[in-house]
Amino acid sequence: MPEPPEPAAAVEQYDCPTCEVPAGSTCRTRGGKVAPKYHIPRFMLVPQLRAELEVKTPADRGPGRAWEMGPAIDAAAHETATKPTRVGYARCSTAQQ
């Protein structure tokens, strides 16, 4: 896949598993506004962005405004040969354990 001009374009090729927006749209908050950052499960689908801690929504997408569905596009196919990546895990033991 050729590298898109900006990370947001690459992220928006996939449906978001968190907020369930279709491909071609930005992520949204629970309140129905455009989220300031894309949800981690969504940008983890883009191999070039897996090392990023966050991908911010560009200003032209209107973060903080009411979310509107973008134009429909064909969602990119998920890579089947890759294994899922663990984003984070922490465990803390107490002295009694």
# chains A, B, ... in the order shown; residues from 1 in each chain; ligands from 1
call {"tool": "residues_around", "arguments": {"residues": "Gln13 in chain A", "least_positions_apart": "2", "cutoff": "12 Å", "atoms": "only C-alpha atoms", "output": "JSON, numbers by chain"}}
result
{"A": [1, 4, 6, 7, 8, 9, 10, 11, 15, 16, 21, 22, 23, 24, 25, 26, 27, 42, 43, 45, 46, 70, 71, 72, 73, 74, 75, 76, 77, 78]}
call {"tool": "residues_around", "arguments": {"residues": "Gly32 in chain A", "least_positions_apart": "5", "cutoff": "9 Å", "atoms": "only C-alpha atoms", "output": "ChimeraX atom specification"}}
result
/A:65-68
call {"tool": "write_last_selection", "arguments": {"atoms": "C-alpha atoms", "output": "PDB file, in the first residue's frame"}}
result
ATOM      1  CA  ARG A  65     -17.892  19.964  16.574  1.00  0.00           C
ATOM      2  CA  ALA A  66     -20.907  17.758  16.043  1.00  0.00           C
ATOM      3  CA  TRP A  67     -19.887  14.569  14.212  1.00  0.00           C
ATOM      4  CA  GLU A  68     -21.191  14.096  10.679  1.00  0.00           C
TER       5      GLU A  68
END
call {"tool": "closest_residue", "arguments": {"among": "A:Val34, A:Met44, A:Gln96, A:Gly88", "to": "Cys19 in chain A", "atoms": "only C-alpha atoms"}}
result
A:Val34
